Amino acid sequence: MKHRIVVLGAGYAGAHTAGNLARRLSPADTEITVVNAEPDFVQRLRLHQFAAGQEIETRKLADVFVGTGIRLRLARVTAVDPVRQVVSVADAEGDGELGYDTLFYALGSHVADGGVPGVAEDAFDVTGRPSALRLRERLDSLNRRGEGGSVLVVGDGLTGIETATEIAESRPRLSVTLVARGELGARLSAGARSHLRQACDRLGITVLEHTSVEAVEATRVLCADGTALASDATVWTAGFAVNPIAAAGGLEVTGDGQIVVDRTMRSVSHPNVYAVGDSAYTIGDNGRPLPMSCASAGYTSMQAIAAIVARLTGRKISHTKLEYVGNHISLGRRDGILQMVDDEGVAKPKYVGGRKAARIKSGILKASLWATSHPTFGMPKRRRRLAAAPDTSADKSVA
């Protein structure tokens with residue numbers, strides 16, 4: 001019987017990992033199934049552009065995986081049972097189960113409402129294509145009204161900054177306000193903070209600092225100081241949360257629901273489950289948890305690939321880098337900030353800004369799309385056969 005590898009999620013981490021495992025493991029010994037709710041590979045890092053009205057490139061997953069031997073199951077994951085080693089899924093044809101020998105968990109994250117009333121009902125977000133499309137349609141309707149409208153972006157993290165600047169640049173008839181809980185760009189260097197403020201001024205974005213939102217309504221948000229801010233479209237970017245499926249299935253998770261993994265991305269409670277990206281609680285090489293980000297997804301998936309291949313083929317596990325080196329922030333299509341950080345996660349004094357930073361980020365995103373969309377590139381002629389008894393036991397030597 002072939003060793004069954006099931007990959008949950010076909011975002012950057014899931015699609016990249018499935019393709020690489022297909023490249024490195026012999027199809028005579030393994031079968032790889034990818035489960036994803038949507039038929040396309042979506043560039044999540046460009047969804048703020050899509051919401052603002054731009055077209056972003058997508059790839060049909062069936063086309064991405066053609067010729068790889070990977071099986072694609074278009075379905076929604078509803079449960080994971082690591083004791084029975086099955087995944088429950090639901091699609092247009094009904095409910096079903098998939099058995100696995102190795103599970104790769106890459107379901108990513110979604111917007112977190114933070115317990116704020118009204119977010120789920122009345123706010124928009126850009127964490128998925130359906131939600132970004134909903135925001136895009138709302139912005140289109142505001143433009144058609146003639147007198148424009150007001151857009152309120154709550155949250156001054158990278159997603160909030162990129163969303164506010166993209167909408168302001170792409171839809172200049174709309175009034176855009178960015179609500180920051182603290183100082184705008186507090187984690188950036190002094191020079192980068194100044195650059196960010198200048199960009200907001202140039203784009204006509206109103207910035208409200210040290211402002212906490214306590215409730216969201218259809219046409220306004222209510223702040224902790226009693227202020228009511230009018231809004232025709234409130235975009236919530238104040239945090240992310242992971243799917244509760246892992247916790248419900250009995251995997252060891254943090255209080256936030258992230259799967260606790262060892263240095264090789266292996267679940268500390270269930271040794272044949274690997275988790276990466278936003279779904280995993282990973283300690284980086286600097287001794288700090290890796291933040292939710294595309295960069296973290298890349299580093300953790302590379303480590304998981306190395307560990308899975310090594311354990312299944314009886315080889316020594318190599319440790320890849322687990323680091324966070326900086327942030328790439330787009331400020332519309334012609335401006336940006338590249339801010340590097342030190343080993344403590346503190347912004348370094350120097351930064352790259354303007355068109356150069358925008359070009360760097362654009363290049364990184366194009367390279368990520370190309371690599372994910374071409375999993376057969378460099379396919380070896382002889383892929384590795386599995387060991388007679390693949391190692392799926394707990395590994396006490398790695399923590």
# chains A, B, ... in the order shown; residues from 1 in each chain; ligands from 1
$ residues_around --residues "A:Arg59" --least-positions-apart "4" --cutoff "8 Å" --atoms "only C-alpha atoms" --output "list in words"
Asp40, Phe41, Val42, Asp63, Val64 and Ser373 of chain A
$ residues_around --residues "A:Val151" --least-positions-apart "5" --cutoff "8 Å" --atoms "only C-alpha atoms" --output "ChimeraX atom specification"
/A:174-177,231-235
$ atom_distance --atom1 "atom CA of A:Glu323" --atom2 "atom CA of A:Asp391"
26.9 Å
$ select_by_dssp --residues "stretch 306-370 of chain A" --states "helix (DSSP H, G or I)" --output "JSON, numbers by chain"
{"A": [306, 307, 308, 309, 310, 311, 312, 313, 355, 356, 357, 358, 359, 360, 361, 362, 363, 364, 365, 366, 367, 368, 369, 370]}
$ closest_residue --among "A:Ala10, A:Val83, A:Leu386, A:Leu331" --to "A:Ala357" --atoms "only C-alpha atoms"
A:Leu331
$ closest_residue --among "A:Asn20, A:Gln303, A:Thr254, A:Asn286" --to "A:Pro375" --atoms "only C-alpha atoms"
A:Asn20
$ closest_residue --among "A:Ala190, A:Ala75, A:Val119, A:Val216" --to "A:Ala90" --atoms "only C-alpha atoms"
A:Ala75
$ atom_distance --atom1 "atom CA of A:Ala238" --atom2 "atom CA of A:Glu344"
23.2 Å
$ residues_around --residues "A:Leu290" --least-positions-apart "3" --cutoff "10 Å" --atoms "only C-alpha atoms" --output "PyMOL selection string"
chain A and resi 277-278+280-287+293+295-297+299-300+322-324+345
$ write_last_selection --atoms "N, CA and C atoms" --output "mmCIF file, in the first residue's frame"
data_model
loop_
_atom_site.group_PDB
_atom_site.id
_atom_site.type_symbol
_atom_site.label_atom_id
_atom_site.label_comp_id
_atom_site.auth_asym_id
_atom_site.auth_seq_id
_atom_site.Cartn_x
_atom_site.Cartn_y
_atom_site.Cartn_z
ATOM 1 N N GLY A 277 3.277 27.739 8.485
ATOM 2 C CA GLY A 277 2.662 29.041 8.246
ATOM 3 C C GLY A 277 1.858 29.543 9.425
ATOM 4 N N ASP A 278 0.762 30.222 9.134
ATOM 5 C CA ASP A 278 -0.062 30.812 10.185
ATOM 6 C C ASP A 278 -0.665 29.764 11.102
ATOM 7 N N ALA A 280 0.766 27.243 12.461
ATOM 8 C CA ALA A 280 1.734 26.643 13.379
ATOM 9 C C ALA A 280 2.309 27.663 14.361
ATOM 10 N N TYR A 281 2.540 27.199 15.570
ATOM 11 C CA TYR A 281 3.272 27.988 16.564
ATOM 12 C C TYR A 281 4.719 27.527 16.491
ATOM 13 N N THR A 282 5.549 28.361 15.879
ATOM 14 C CA THR A 282 6.925 27.988 15.558
ATOM 15 C C THR A 282 7.909 28.927 16.247
ATOM 16 N N ILE A 283 8.877 28.368 16.913
ATOM 17 C CA ILE A 283 9.936 29.171 17.513
ATOM 18 C C ILE A 283 11.061 29.326 16.498
ATOM 19 N N GLY A 284 11.381 30.567 16.162
ATOM 20 C CA GLY A 284 12.416 30.844 15.184
ATOM 21 C C GLY A 284 13.808 30.678 15.740
ATOM 22 N N ASP A 285 14.790 30.880 14.884
ATOM 23 C CA ASP A 285 16.181 30.729 15.302
ATOM 24 C C ASP A 285 16.595 31.756 16.345
ATOM 25 N N ASN A 286 15.846 32.847 16.464
ATOM 26 C CA ASN A 286 16.164 33.862 17.472
ATOM 27 C C ASN A 286 15.486 33.589 18.807
ATOM 28 N N GLY A 287 14.801 32.451 18.923
ATOM 29 C CA GLY A 287 14.140 32.094 20.172
ATOM 30 C C GLY A 287 12.769 32.719 20.348
ATOM 31 N N SER A 293 2.977 35.411 8.614
ATOM 32 C CA SER A 293 3.428 36.142 7.440
ATOM 33 C C SER A 293 3.724 35.154 6.326
ATOM 34 N N ALA A 295 6.482 35.182 4.642
ATOM 35 C CA ALA A 295 7.871 34.763 4.833
ATOM 36 C C ALA A 295 7.957 33.574 5.785
ATOM 37 N N SER A 296 7.191 33.620 6.874
ATOM 38 C CA SER A 296 7.185 32.510 7.826
ATOM 39 C C SER A 296 6.649 31.249 7.172
ATOM 40 N N ALA A 297 5.641 31.393 6.316
ATOM 41 C CA ALA A 297 5.095 30.238 5.611
ATOM 42 C C ALA A 297 6.158 29.595 4.736
ATOM 43 N N TYR A 299 9.579 29.739 5.075
ATOM 44 C CA TYR A 299 10.627 29.087 5.860
ATOM 45 C C TYR A 299 10.123 27.803 6.514
ATOM 46 N N THR A 300 8.912 27.840 7.092
ATOM 47 C CA THR A 300 8.400 26.655 7.785
ATOM 48 C C THR A 300 8.080 25.532 6.812
ATOM 49 N N LEU A 322 14.998 29.291 10.121
ATOM 50 C CA LEU A 322 13.704 29.743 10.619
ATOM 51 C C LEU A 322 13.928 31.158 11.159
ATOM 52 N N GLU A 323 13.815 32.120 10.269
ATOM 53 C CA GLU A 323 14.144 33.484 10.659
ATOM 54 C C GLU A 323 13.112 34.469 10.110
ATOM 55 N N TYR A 324 13.131 35.647 10.692
ATOM 56 C CA TYR A 324 12.276 36.734 10.196
ATOM 57 C C TYR A 324 13.181 37.942 10.039
ATOM 58 N N GLY A 345 13.949 41.292 16.518
ATOM 59 C CA GLY A 345 12.733 41.745 15.867
ATOM 60 C C GLY A 345 12.554 43.241 15.867
#
$ select_by_dssp --residues "stretch 94-161 of chain A" --states "strand (DSSP E or B)" --output "list in words"
Gly94, Asp95, Gly96, Glu97, Leu98, Gly99, Thr102, Leu103, Phe104, Tyr105, Ser109, His110, Val111, Ala123, Phe124, Gly149, Ser150, Val151, Leu152, Val153 and Val154 of chain A
$ residues_around --residues "A:Arg359" --least-positions-apart "2" --cutoff "12 Å" --atoms "only C-alpha atoms" --output "VMD selection string"
chain A and resid 328 to 338 352 to 357 361 to 366
$ atom_distance --atom1 "atom CA of A:Trp236" --atom2 "atom CA of A:Leu203"
20.0 Å
$ closest_atom_pairs --of "stretch 25-51 of chain A" --to "stretch 155-173 of chain A" --cutoff "9 Å" --atoms "only C-alpha atoms" --output "CSV"
residue,atom,partner,partner_atom,distance
A:Leu45,CA,A:Thr159,CA,8.7
A:Leu47,CA,A:Thr163,CA,8.8
A:His48,CA,A:Thr163,CA,5.1
A:Gln49,CA,A:Glu166,CA,6.3
A:Ala51,CA,A:Ile167,CA,7.9
$ write_last_selection --atoms "C-alpha atoms" --output "compact mmCIF listing (two decimals), in the first residue's frame"
# COMPACT_ATOMS: atom_id res chain seq x y z
CA LEU A 45 -0.70 39.04 -0.55
CA LEU A 47 -5.93 40.70 -2.28
CA HIS A 48 -5.86 44.31 -1.10
CA GLN A 49 -5.08 45.22 -4.71
CA ALA A 51 -10.33 44.73 -3.46
$ closest_residue --among "A:Phe240, A:Val154, A:Ala304, A:Ser267" --to "A:Pro291" --atoms "only C-alpha atoms"
A:Phe240
$ closest_residue --among "A:Gly255, A:Gly298, A:Gly99, A:Gly239" --to "A:Thr17" --atoms "only C-alpha atoms"
A:Gly298
$ residues_around --residues "A:Pro130" --least-positions-apart "2" --cutoff "12 Å" --atoms "only C-alpha atoms" --output "ChimeraX atom specification"
/A:37-38,40,42,44,47,50-51,110,124-128,132-137
$ residues_around --residues "A:Met340" --least-positions-apart "5" --cutoff "8 Å" --atoms "only C-alpha atoms" --output "mmCIF file with C-alpha atoms, in the first residue's frame"
data_model
loop_
_atom_site.group_PDB
_atom_site.id
_atom_site.type_symbol
_atom_site.label_atom_id
_atom_site.label_comp_id
_atom_site.auth_asym_id
_atom_site.auth_seq_id
_atom_site.Cartn_x
_atom_site.Cartn_y
_atom_site.Cartn_z
ATOM 1 C CA VAL A 325 14.420 39.361 8.549
ATOM 2 C CA GLY A 326 12.075 42.202 7.707
ATOM 3 C CA ASN A 327 8.872 43.608 6.247
ATOM 4 C CA ALA A 347 13.651 47.635 13.205
ATOM 5 C CA LYS A 348 17.120 48.521 11.979
ATOM 6 C CA LYS A 350 18.118 52.073 7.703
ATOM 7 C CA TYR A 351 15.276 51.279 5.325
#
